[in-house]
Structure formats: structure tokens, C-alpha cells
Amino acid sequence: EGMEVVLVASRDSETSKEGTVHAYDIRTGSLLQTYKGAGDVTDMSLIGSDYFCASSETATVITIWTWNKVTPIFKSPVTERLSSITASFDGCYVLGGGISGSVYIWEVTSGDLLFHWEAHYKKVTSVALTEDDSIIVTAGEDGLVKGWSLSDVLASATRTALVSPDETSIQGGIVPEWTGAAHTLAVKDLHLGNDRLYTVSLDRTLKIWDPMNGRLLGSVVFGTALNQVSVDSSQRTCYVGGIDGKIYAVHLFAMPCISEEILSNFTAKDMTDGHQKPITGMSTSNRGDLILSSSLDGICKVWDAQSGQLLNALADRKVPVTSILVIRKPAGMGSLTQWNPRSTIKSLSKYPKLEPSQGQLVLTLIDPVSKSHRQDRMRAIQHAIHHVVETPDDNASIIDVNAMKEEISHLKSVVANLEEEETPQQLTGPIDQDAQDQEKFQKFLERKRATPSSNQNKNKRNGPPKKQRKGRTQQ
């Protein structure tokens with residue numbers, strides 16, 4: 001069994017919007033590496049075995065690192081701030097939950113934004129996939145928990161690829177496999193085990209579900225609102241963190257037999273005194289003997305799972321710790337020159353890539369208002385870029401300029417496509433017989449207009465009749 005590492009994301013200061021990710025050995029507490037340029041991290045996730053990424057509370061970017069570089073390899077602009085992020089276990093897809101309630105999915109190897117859909121009415125607080133990558137589970141501040149089929153999402157991405165190039169987003173009619181509405185307030189976190197789903201909410205309950213069909217299996221009531229949950233690898237004990245800073249342990253094997261009957265008011269053991277401020281992260285070691293928790297009080301604590309004794313305090317910097325992630329130590333961590341990633345990754349796209357398939361019927365509607373709006377928007381962004389470059393200030397960052405340049409490139413391609421259109425609508429594809437007849441009729445009318453009539457020829461021979469008649473009248 002390899003060394004286990006905890007990634008601890010914290011702000012650089014109480015008021016700073018920038019942050020750093022520190023990698024610690026969870027058993028010795030030694031600092032292994034520091035990753036810079038994190039921003040105000042809301043969530044972190046592995047991408048395969050060679051990369052990890054983070055979403056930001058204050059910036060519309062996804063930051064991506066590889067293990068042997070202390071600075072990000074990509075800062076990918078996105079359309080909105082993401083409150084949660086995860087990746088498929090095979091490392092092929094990255095998913096992000098937005099503050100608007102939308103969920104986005106990118107392909108890692110190409111960086112393409114494949115699809116996004118409105119999953120919740122309010123902010124998506126957590127998103128995760130089952131271990132076989134078949135079901136996407138999302139939780140939101142609307143109090144709902146939903147399960148989505150990954151294959152349906154990818155199929156919807158293919159179906160909605162044939163849309164107008166005037167669109168800057170992809171919206172789909174995807175429906176969830178199931179919806180859980182047992183919580184009465186915002187769902188703050190979820191954890192997916194082997195065959196169980198655990199969710200915690202501000203309604204002070206921990207709920208247990210079947211992630212394949214959304215069936216509610218159990219419910220535990222606490223004395224405080226909850227915002228973090230984690231379960232050990234054997235699924236014997238569930239640990240939850242409250243807004244009161246305390247950690248609670250629920251021994252699942254001691255509970256009555258899990259069935260369709262809801263278990264309520266089950267007494268949970270208050271394991272430790274916890275933290276001074278609300279808990280922001282919960283995790284366990286692979287062996288299940290250690291529990292890790294982080295808080296806005298700026299400390300990541302390591303606890304003994306059996307006794308509840310505090311073993312170590314990491315990242316005690318008195319600045320808020322916003323997220324933690326426990327992983328096995330990657331091969332490239334600490335090897336700044338001797339290691340190269342085995343897989344490839346590209347910067348994630350802000351906009352979807354629209355490529356209509358051959359042989360399909362594509363209808364493009366021209367909207368003059370949207371066309372002029374995009375042209376004005378492009379000019380405004382160009383002016384903003386020149387202003388940032390010529391008069392830089394402390395708040396102007398390279399990523400802002402790159403984001404605007406990328407939007408200009410996108411808008412230029414859209415405007416170019418619009419300017420090529422000559423009619424209110426363009427129909428591409430096989431031309432049927434009716435269209436050919438219509439074209440012949442139009443050519444016939446044009447020839448008739450171009451051919452002089454017999455009366456016109458007679459007038460040319462006799463001279464201008466209007467002037468002659470006017471002269472005779474005057475005589």
C-alpha cells in the first residue's frame with residue numbers, strides 16, 4: 001500500500017481571492033509539495049492519475065495541474081463560477097456544477113465542452129459519479145438529489161450538436177433517471193460508496209439512498225445543520241461535519257436493518273470537539289483508521305477513527321481551508337524533472353464546438369439583432385483588452401486577457417458565419433425536385449424582365465412620344 005497524501009486548499013490570506021494547494025503526508029504531516037495559482041478553491045478532483053483540477057468560488061476558471069509542476073498547466077475559462085467539480089474514474093470526462101444550477105461535461109483529450117444542462121433550480125453543491133461511471137449524481141440548494149445516466153448525457157450531446165452557430169451554449173431536453181426530494185432544505189454534500197449514496201443537508205439530516213434508482217434507504221437526524229459527509233472504505237462508519245464545527249460518527253452496522261422504512265432519530269455519536277468554525281471538508285484514509293477534517297478556522301486535522309483522538313494538525317496557518325482531497329501519492333509528486341505524464345490533456349473549452357454531421361439537414365436562422373449585438377460585443381472586448389494591456393493594474397490578470405481573447409475568437413467566427421448568409425434562412429442538404437422547379441421559374445421571370453416588349457420597340461422607332469405630345473398641346 002502506497003503513501004497517502006492529502007491536498008489542502010487554502011486562501012493566501014483572510015481577504016485574498018488567491019489560494020494555494022499544499023500536499024501533506026497524512027501520517028507524518030510532512031509537507032511534500034506546494035501548488036500555486038489555485039484561487040479561492042471550492043472543490044478539487046483527480047483527472048486520471050496524472051492531473052488534478054480545482055474549481056473557484058471567485059473566478060470563472062478551472063485550474064489544472066500536473067504533479068511535477070508547482071504552477072498550473074491550464075487555467076481554462078468557463079461561462080460561470082463552479083461550486084463543485086469531479087472527473088470520471090477512467091479520466092475521460094470532467095464535470096462541473098455551476099452556481100446557476102447547470103452541470104457541464106468536458107472531454108479531457110480534446111478539451112471540448114460536450115454538453116451542459118439545467119440540473120437544478122439553484123446552485124449545484126456537489127456532483128459525483130458511481131464507480132462504474134454509469135450514473136452522475138448531483139445535489140443542489142433546491143433540496144433535490146438527482147441521478148443522471150452518463151450514456152444519456154453523451155447521447156444528448158450528440159443530438160444537440162446540430163444547432164445554430166448563433167448559439168453560445170447547448171441546452172438539452174435530458175431528464176434524470178431519478179429524483180430524490182426527501183430533504184427539506186439545501187443539500188450541502190454527497191458521498192458515493194460502493195452501492196450506497198449518502199447526503200447531508202441544512203435540514204439536519206443524513207440520508208442514505210440507492211444510487212441506481214434513487215430509493216431512500218435510511219435517514220438520521222442530528223442536532224445541527226450539516227454540510228460535509230464521508231464514509232470509510234468498508235462502509236462501516238459514516239462521518240458528518242456540522243456547521244457547529246463538530247464531527248459526528250454514525251456506525252452503520254449498529255443501525256437497524258436498512259430497508260424501505262425510513263430510519264429517523266437514530267442517535268449519532270459526537271466523536272470529537274471538532275473545529276472552531278464550520279467544517280469545509282471530510283475524508284478518510286484508505287484503511288479507514290484515520291479521519292481528516294478541514295474548517296474555515298484554517299486547520300486540517302487528522303483524527304484516530306477508533307478513539308477520536310486528535311493526532312495531527314496540518315496547514316495551521318490561520319487562513320480558511322476551503323477544500324481537502326485524500327489520494328495515494330502520485331508517481332510524479334516531488335519529481336520536478338524526472339517524470340512526464342502518461343496521458344494527454346488539453347485546456348477545457350469555454351464554448352461548445354459545433355460541427356454538423358454530413359448528410360444532415362441544417363437550418364440556420366439569421367437574426368440581425370443578435371448579429372449587431374455580437375459585433376458590438378466584440379468591439380467592446382477588443383477595447384477592453386487594449387485598455388488592460390496599455391494600462392495594467394494589480395487586478396488585471398493574464399487569465400482575464402486570455403479569456404477575452406478567446407471570446408473574441410469565438411465571436412469573430414460567429415459573425416463571419418452570419419455575414420456569409422444572404423437570405424433570412426439557409427437550407428443545406430439534398431435539393432428536391434420542387435426546389436429545382438422553383439429555381440427554373442425564377443430564371444424565367446428574370447429573362448422576361450430583361451427582354452424588351454413590342455411596345456417598347458415601337459416607342460424607340462417613333463422617338464420619345466411624351467415630348468411630341470407636349471409640343472403639340474402647346475401649339
# chains A, B, ... in the order shown; residues from 1 in each chain; ligands from 1
$ residues_around --residues "A:Asp152" --least-positions-apart "3" --cutoff "10 Å" --atoms "only C-alpha atoms" --output "list in words"
Ser134, Ile135, Trp148, Ser149, Ala155, Ser156, Ala157, Thr158, Ile174, Val175, Pro176 and Glu177 of chain A
$ residues_around --residues "A:Gly147" --least-positions-apart "2" --cutoff "8 Å" --atoms "only C-alpha atoms" --output "VMD selection string"
chain A and resid 135 to 138 145 149 176 to 179 211 to 214
$ write_last_selection --atoms "N, CA, C and O atoms" --output "short mmCIF file (atom, residue, chain, number, x, y, z; two decimals), in the first residue's frame"
data_model
loop_
_atom_site.label_atom_id
_atom_site.label_comp_id
_atom_site.auth_asym_id
_atom_site.auth_seq_id
_atom_site.Cartn_x
_atom_site.Cartn_y
_atom_site.Cartn_z
N ILE A 135 -23.66 6.41 -13.60
CA ILE A 135 -24.64 7.37 -13.07
C ILE A 135 -23.92 8.60 -12.54
O ILE A 135 -22.96 8.50 -11.78
N ILE A 136 -24.40 9.78 -12.96
CA ILE A 136 -23.96 11.06 -12.41
C ILE A 136 -24.97 11.46 -11.34
O ILE A 136 -26.17 11.51 -11.61
N VAL A 137 -24.49 11.73 -10.14
CA VAL A 137 -25.36 12.16 -9.05
C VAL A 137 -25.07 13.62 -8.74
O VAL A 137 -23.90 14.00 -8.57
N THR A 138 -26.11 14.43 -8.68
CA THR A 138 -25.96 15.85 -8.37
C THR A 138 -26.85 16.21 -7.19
O THR A 138 -27.92 15.62 -6.98
N VAL A 145 -31.89 15.80 -4.90
CA VAL A 145 -30.78 14.93 -5.29
C VAL A 145 -31.23 14.20 -6.55
O VAL A 145 -32.33 13.64 -6.58
N SER A 149 -28.07 9.46 -16.21
CA SER A 149 -27.31 8.44 -16.93
C SER A 149 -26.23 9.12 -17.77
O SER A 149 -26.52 10.01 -18.58
N PRO A 176 -33.72 13.34 -15.68
CA PRO A 176 -32.98 12.49 -14.75
C PRO A 176 -33.53 11.07 -14.71
O PRO A 176 -34.72 10.84 -14.97
N GLU A 177 -32.67 10.14 -14.35
CA GLU A 177 -33.11 8.76 -14.13
C GLU A 177 -34.00 8.69 -12.89
O GLU A 177 -34.96 7.92 -12.86
N TRP A 178 -33.68 9.48 -11.91
CA TRP A 178 -34.49 9.54 -10.70
C TRP A 178 -34.26 10.87 -10.00
O TRP A 178 -33.24 11.53 -10.22
N THR A 179 -35.20 11.26 -9.15
CA THR A 179 -35.11 12.49 -8.37
C THR A 179 -35.49 12.19 -6.93
O THR A 179 -36.56 11.62 -6.67
N PRO A 211 -28.09 4.53 -5.21
CA PRO A 211 -27.75 5.47 -6.29
C PRO A 211 -28.24 5.03 -7.67
O PRO A 211 -28.27 5.85 -8.59
N MET A 212 -28.64 3.80 -7.84
CA MET A 212 -29.08 3.33 -9.14
C MET A 212 -30.53 3.67 -9.43
O MET A 212 -30.90 3.92 -10.59
N ASN A 213 -31.37 3.71 -8.39
CA ASN A 213 -32.78 4.00 -8.61
C ASN A 213 -33.33 5.12 -7.74
O ASN A 213 -34.50 5.50 -7.85
N GLY A 214 -32.49 5.68 -6.84
CA GLY A 214 -32.93 6.80 -6.01
C GLY A 214 -33.82 6.42 -4.85
O GLY A 214 -34.44 7.30 -4.22
#
$ closest_residue --among "A:Ile64, A:Leu185, A:Leu197, A:Val41" --to "A:Leu348" --atoms "only C-alpha atoms"
A:Ile64
$ select_by_dssp --residues "stretch 82-270 of chain A" --states "alpha helix (DSSP H)" --output "list in words"
Leu150, Ser151, Asp152, Val153, Leu154, Ala155, Ser156, Ala157, Thr158 and Arg159 of chain A
$ write_last_selection --atoms "N, CA, C and O atoms" --output "PDB file, in the first residue's frame"
ATOM      1  N   LEU A 150     -24.969   8.719 -17.580  1.00  0.00           N
ATOM      2  CA  LEU A 150     -23.876   9.298 -18.361  1.00  0.00           C
ATOM      3  C   LEU A 150     -24.067   9.004 -19.849  1.00  0.00           C
ATOM      4  O   LEU A 150     -23.788   9.860 -20.690  1.00  0.00           O
ATOM      5  N   SER A 151     -24.527   7.820 -20.184  1.00  0.00           N
ATOM      6  CA  SER A 151     -24.743   7.489 -21.599  1.00  0.00           C
ATOM      7  C   SER A 151     -25.818   8.370 -22.210  1.00  0.00           C
ATOM      8  O   SER A 151     -25.704   8.790 -23.369  1.00  0.00           O
ATOM      9  N   ASP A 152     -26.865   8.703 -21.436  1.00  0.00           N
ATOM     10  CA  ASP A 152     -27.906   9.606 -21.943  1.00  0.00           C
ATOM     11  C   ASP A 152     -27.356  11.013 -22.154  1.00  0.00           C
ATOM     12  O   ASP A 152     -27.723  11.699 -23.109  1.00  0.00           O
ATOM     13  N   VAL A 153     -26.489  11.442 -21.237  1.00  0.00           N
ATOM     14  CA  VAL A 153     -25.880  12.766 -21.373  1.00  0.00           C
ATOM     15  C   VAL A 153     -25.039  12.843 -22.641  1.00  0.00           C
ATOM     16  O   VAL A 153     -25.130  13.806 -23.420  1.00  0.00           O
ATOM     17  N   LEU A 154     -24.220  11.823 -22.887  1.00  0.00           N
ATOM     18  CA  LEU A 154     -23.379  11.820 -24.080  1.00  0.00           C
ATOM     19  C   LEU A 154     -24.223  11.704 -25.343  1.00  0.00           C
ATOM     20  O   LEU A 154     -23.900  12.310 -26.370  1.00  0.00           O
ATOM     21  N   ALA A 155     -25.314  10.932 -25.291  1.00  0.00           N
ATOM     22  CA  ALA A 155     -26.207  10.835 -26.446  1.00  0.00           C
ATOM     23  C   ALA A 155     -26.883  12.168 -26.720  1.00  0.00           C
ATOM     24  O   ALA A 155     -27.051  12.574 -27.879  1.00  0.00           O
ATOM     25  N   SER A 156     -27.277  12.886 -25.655  1.00  0.00           N
ATOM     26  CA  SER A 156     -27.886  14.207 -25.829  1.00  0.00           C
ATOM     27  C   SER A 156     -26.889  15.192 -26.412  1.00  0.00           C
ATOM     28  O   SER A 156     -27.247  16.061 -27.201  1.00  0.00           O
ATOM     29  N   ALA A 157     -25.612  15.048 -26.038  1.00  0.00           N
ATOM     30  CA  ALA A 157     -24.574  15.915 -26.601  1.00  0.00           C
ATOM     31  C   ALA A 157     -24.473  15.708 -28.100  1.00  0.00           C
ATOM     32  O   ALA A 157     -24.285  16.652 -28.867  1.00  0.00           O
ATOM     33  N   THR A 158     -24.615  14.470 -28.562  1.00  0.00           N
ATOM     34  CA  THR A 158     -24.563  14.185 -29.992  1.00  0.00           C
ATOM     35  C   THR A 158     -25.788  14.729 -30.706  1.00  0.00           C
ATOM     36  O   THR A 158     -25.685  15.316 -31.782  1.00  0.00           O
ATOM     37  N   ARG A 159     -26.967  14.558 -30.101  1.00  0.00           N
ATOM     38  CA  ARG A 159     -28.206  15.014 -30.749  1.00  0.00           C
ATOM     39  C   ARG A 159     -28.254  16.527 -30.876  1.00  0.00           C
ATOM     40  O   ARG A 159     -28.749  17.054 -31.860  1.00  0.00           O
TER      41      ARG A 159
END
$ select_by_dssp --residues "stretch 143-255 of chain A" --states "strand (DSSP E)" --output "MDAnalysis selection string"
chainID A and resid 145:149 178:180 187:192 197:201 205:209 216:221 226:231 237:242 247:251
$ closest_residue --among "A:Val319, A:Ala59, A:Ile47, A:Cys300" --to "A:Asp12" --atoms "only C-alpha atoms"
A:Val319
$ closest_residue --among "A:Leu32, A:Val240, A:Met282, A:Leu290" --to "A:Thr322" --atoms "only C-alpha atoms"
A:Met282
$ residues_around --residues "A:Glu14" --least-positions-apart "2" --cutoff "12 Å" --atoms "only C-alpha atoms" --output "VMD selection string"
chain A and resid 10 to 12 16 to 19 40 296 to 298 317 to 322
$ closest_residue --among "A:Leu7, A:Val21, A:Ile73, A:Ala87" --to "A:Pro341" --atoms "only C-alpha atoms"
A:Ile73
$ residues_around --residues "A:Glu57" --least-positions-apart "3" --cutoff "10 Å" --atoms "only C-alpha atoms" --output "PDB file with all heavy atoms, in the first residue's frame"
ATOM      1  N   LYS A  17      -8.269  36.664  -2.721  1.00  0.00           N
ATOM      2  CA  LYS A  17      -9.002  35.801  -3.637  1.00  0.00           C
ATOM      3  C   LYS A  17      -8.102  34.746  -4.257  1.00  0.00           C
ATOM      4  O   LYS A  17      -8.552  33.931  -5.049  1.00  0.00           O
ATOM      5  CB  LYS A  17      -9.664  36.641  -4.739  1.00  0.00           C
ATOM      6  CG  LYS A  17     -10.735  37.595  -4.231  1.00  0.00           C
ATOM      7  CD  LYS A  17     -11.369  38.350  -5.374  1.00  0.00           C
ATOM      8  CE  LYS A  17     -12.456  39.303  -4.872  1.00  0.00           C
ATOM      9  NZ  LYS A  17     -13.090  40.059  -5.971  1.00  0.00           N
ATOM     10  N   GLY A  39      -6.375  30.103  -6.655  1.00  0.00           N
ATOM     11  CA  GLY A  39      -7.582  30.895  -6.476  1.00  0.00           C
ATOM     12  C   GLY A  39      -8.305  30.471  -5.208  1.00  0.00           C
ATOM     13  O   GLY A  39      -7.762  29.761  -4.354  1.00  0.00           O
ATOM     14  N   ASP A  40      -9.550  30.877  -5.075  1.00  0.00           N
ATOM     15  CA  ASP A  40     -10.361  30.530  -3.907  1.00  0.00           C
ATOM     16  C   ASP A  40     -11.087  29.222  -4.224  1.00  0.00           C
ATOM     17  O   ASP A  40     -12.178  29.213  -4.786  1.00  0.00           O
ATOM     18  CB  ASP A  40     -11.348  31.659  -3.608  1.00  0.00           C
ATOM     19  CG  ASP A  40     -11.990  31.503  -2.250  1.00  0.00           C
ATOM     20  OD1 ASP A  40     -11.690  30.508  -1.564  1.00  0.00           O
ATOM     21  OD2 ASP A  40     -12.803  32.361  -1.875  1.00  0.00           O
ATOM     22  N   VAL A  41     -10.489  28.101  -3.858  1.00  0.00           N
ATOM     23  CA  VAL A  41     -10.948  26.780  -4.296  1.00  0.00           C
ATOM     24  C   VAL A  41     -12.241  26.383  -3.595  1.00  0.00           C
ATOM     25  O   VAL A  41     -12.381  26.529  -2.376  1.00  0.00           O
ATOM     26  CB  VAL A  41      -9.857  25.717  -4.031  1.00  0.00           C
ATOM     27  CG1 VAL A  41     -10.370  24.318  -4.330  1.00  0.00           C
ATOM     28  CG2 VAL A  41      -8.625  26.029  -4.860  1.00  0.00           C
ATOM     29  N   THR A  42     -13.180  25.873  -4.382  1.00  0.00           N
ATOM     30  CA  THR A  42     -14.420  25.325  -3.825  1.00  0.00           C
ATOM     31  C   THR A  42     -14.410  23.806  -3.794  1.00  0.00           C
ATOM     32  O   THR A  42     -15.048  23.193  -2.950  1.00  0.00           O
ATOM     33  CB  THR A  42     -15.628  25.784  -4.642  1.00  0.00           C
ATOM     34  OG1 THR A  42     -15.446  25.405  -6.022  1.00  0.00           O
ATOM     35  CG2 THR A  42     -15.800  27.290  -4.555  1.00  0.00           C
ATOM     36  N   ASP A  43     -13.692  23.177  -4.740  1.00  0.00           N
ATOM     37  CA  ASP A  43     -13.685  21.724  -4.830  1.00  0.00           C
ATOM     38  C   ASP A  43     -12.464  21.291  -5.637  1.00  0.00           C
ATOM     39  O   ASP A  43     -11.954  22.058  -6.472  1.00  0.00           O
ATOM     40  CB  ASP A  43     -14.970  21.223  -5.495  1.00  0.00           C
ATOM     41  CG  ASP A  43     -15.233  19.750  -5.202  1.00  0.00           C
ATOM     42  OD1 ASP A  43     -14.496  19.159  -4.389  1.00  0.00           O
ATOM     43  OD2 ASP A  43     -16.174  19.188  -5.788  1.00  0.00           O
ATOM     44  N   THR A  60     -14.193  32.558 -12.794  1.00  0.00           N
ATOM     45  CA  THR A  60     -14.832  31.637 -13.727  1.00  0.00           C
ATOM     46  C   THR A  60     -13.752  30.857 -14.488  1.00  0.00           C
ATOM     47  O   THR A  60     -13.622  30.974 -15.710  1.00  0.00           O
ATOM     48  CB  THR A  60     -15.739  32.400 -14.704  1.00  0.00           C
ATOM     49  OG1 THR A  60     -14.957  33.415 -15.361  1.00  0.00           O
ATOM     50  CG2 THR A  60     -16.900  33.036 -13.990  1.00  0.00           C
ATOM     51  N   VAL A  61     -12.992  30.060 -13.757  1.00  0.00           N
ATOM     52  CA  VAL A  61     -11.928  29.260 -14.352  1.00  0.00           C
ATOM     53  C   VAL A  61     -11.886  27.885 -13.691  1.00  0.00           C
ATOM     54  O   VAL A  61     -12.346  27.705 -12.559  1.00  0.00           O
ATOM     55  CB  VAL A  61     -10.535  29.926 -14.206  1.00  0.00           C
ATOM     56  CG1 VAL A  61     -10.463  31.226 -14.979  1.00  0.00           C
ATOM     57  CG2 VAL A  61     -10.171  30.126 -12.756  1.00  0.00           C
ATOM     58  N   ARG A  81     -19.144  30.626 -12.515  1.00  0.00           N
ATOM     59  CA  ARG A  81     -18.387  30.093 -11.390  1.00  0.00           C
ATOM     60  C   ARG A  81     -18.912  28.694 -11.039  1.00  0.00           C
ATOM     61  O   ARG A  81     -20.121  28.473 -10.998  1.00  0.00           O
ATOM     62  CB  ARG A  81     -18.493  31.015 -10.183  1.00  0.00           C
ATOM     63  CG  ARG A  81     -17.713  32.324 -10.362  1.00  0.00           C
ATOM     64  CD  ARG A  81     -17.848  33.221  -9.153  1.00  0.00           C
ATOM     65  NE  ARG A  81     -19.158  33.840  -9.086  1.00  0.00           N
ATOM     66  CZ  ARG A  81     -19.944  33.859  -8.017  1.00  0.00           C
ATOM     67  NH1 ARG A  81     -19.539  33.271  -6.901  1.00  0.00           N
ATOM     68  NH2 ARG A  81     -21.108  34.444  -8.036  1.00  0.00           N
ATOM     69  N   LEU A  82     -17.988  27.791 -10.797  1.00  0.00           N
ATOM     70  CA  LEU A  82     -18.342  26.413 -10.475  1.00  0.00           C
ATOM     71  C   LEU A  82     -18.197  26.175  -8.982  1.00  0.00           C
ATOM     72  O   LEU A  82     -17.182  26.516  -8.380  1.00  0.00           O
ATOM     73  CB  LEU A  82     -17.455  25.440 -11.249  1.00  0.00           C
ATOM     74  CG  LEU A  82     -17.495  25.543 -12.781  1.00  0.00           C
ATOM     75  CD1 LEU A  82     -16.583  24.497 -13.397  1.00  0.00           C
ATOM     76  CD2 LEU A  82     -18.920  25.379 -13.299  1.00  0.00           C
ATOM     77  N   SER A  83     -19.212  25.584  -8.396  1.00  0.00           N
ATOM     78  CA  SER A  83     -19.206  25.305  -6.957  1.00  0.00           C
ATOM     79  C   SER A  83     -18.731  23.888  -6.656  1.00  0.00           C
ATOM     80  O   SER A  83     -18.419  23.571  -5.504  1.00  0.00           O
ATOM     81  CB  SER A  83     -20.605  25.522  -6.376  1.00  0.00           C
ATOM     82  OG  SER A  83     -21.578  24.844  -7.167  1.00  0.00           O
ATOM     83  N   SER A  84     -18.683  23.015  -7.660  1.00  0.00           N
ATOM     84  CA  SER A  84     -18.227  21.646  -7.459  1.00  0.00           C
ATOM     85  C   SER A  84     -17.632  21.121  -8.759  1.00  0.00           C
ATOM     86  O   SER A  84     -17.977  21.588  -9.851  1.00  0.00           O
ATOM     87  CB  SER A  84     -19.385  20.738  -7.014  1.00  0.00           C
ATOM     88  OG  SER A  84     -20.425  20.763  -7.972  1.00  0.00           O
ATOM     89  N   ILE A  99     -23.089  27.654 -10.272  1.00  0.00           N
ATOM     90  CA  ILE A  99     -23.921  28.349  -9.279  1.00  0.00           C
ATOM     91  C   ILE A  99     -25.319  28.623  -9.818  1.00  0.00           C
ATOM     92  O   ILE A  99     -26.230  28.916  -9.058  1.00  0.00           O
ATOM     93  CB  ILE A  99     -23.255  29.669  -8.841  1.00  0.00           C
ATOM     94  CG1 ILE A  99     -23.067  30.605 -10.042  1.00  0.00           C
ATOM     95  CG2 ILE A  99     -21.930  29.399  -8.146  1.00  0.00           C
ATOM     96  CD1 ILE A  99     -22.567  31.987  -9.662  1.00  0.00           C
ATOM     97  N   THR A 322     -10.529  25.665   2.449  1.00  0.00           N
ATOM     98  CA  THR A 322     -11.805  25.582   1.736  1.00  0.00           C
ATOM     99  C   THR A 322     -12.116  24.205   1.180  1.00  0.00           C
ATOM    100  O   THR A 322     -13.271  23.912   0.878  1.00  0.00           O
ATOM    101  CB  THR A 322     -11.819  26.600   0.589  1.00  0.00           C
ATOM    102  OG1 THR A 322     -10.689  26.370  -0.270  1.00  0.00           O
ATOM    103  CG2 THR A 322     -11.752  28.024   1.129  1.00  0.00           C
TER     104      THR A 322
END
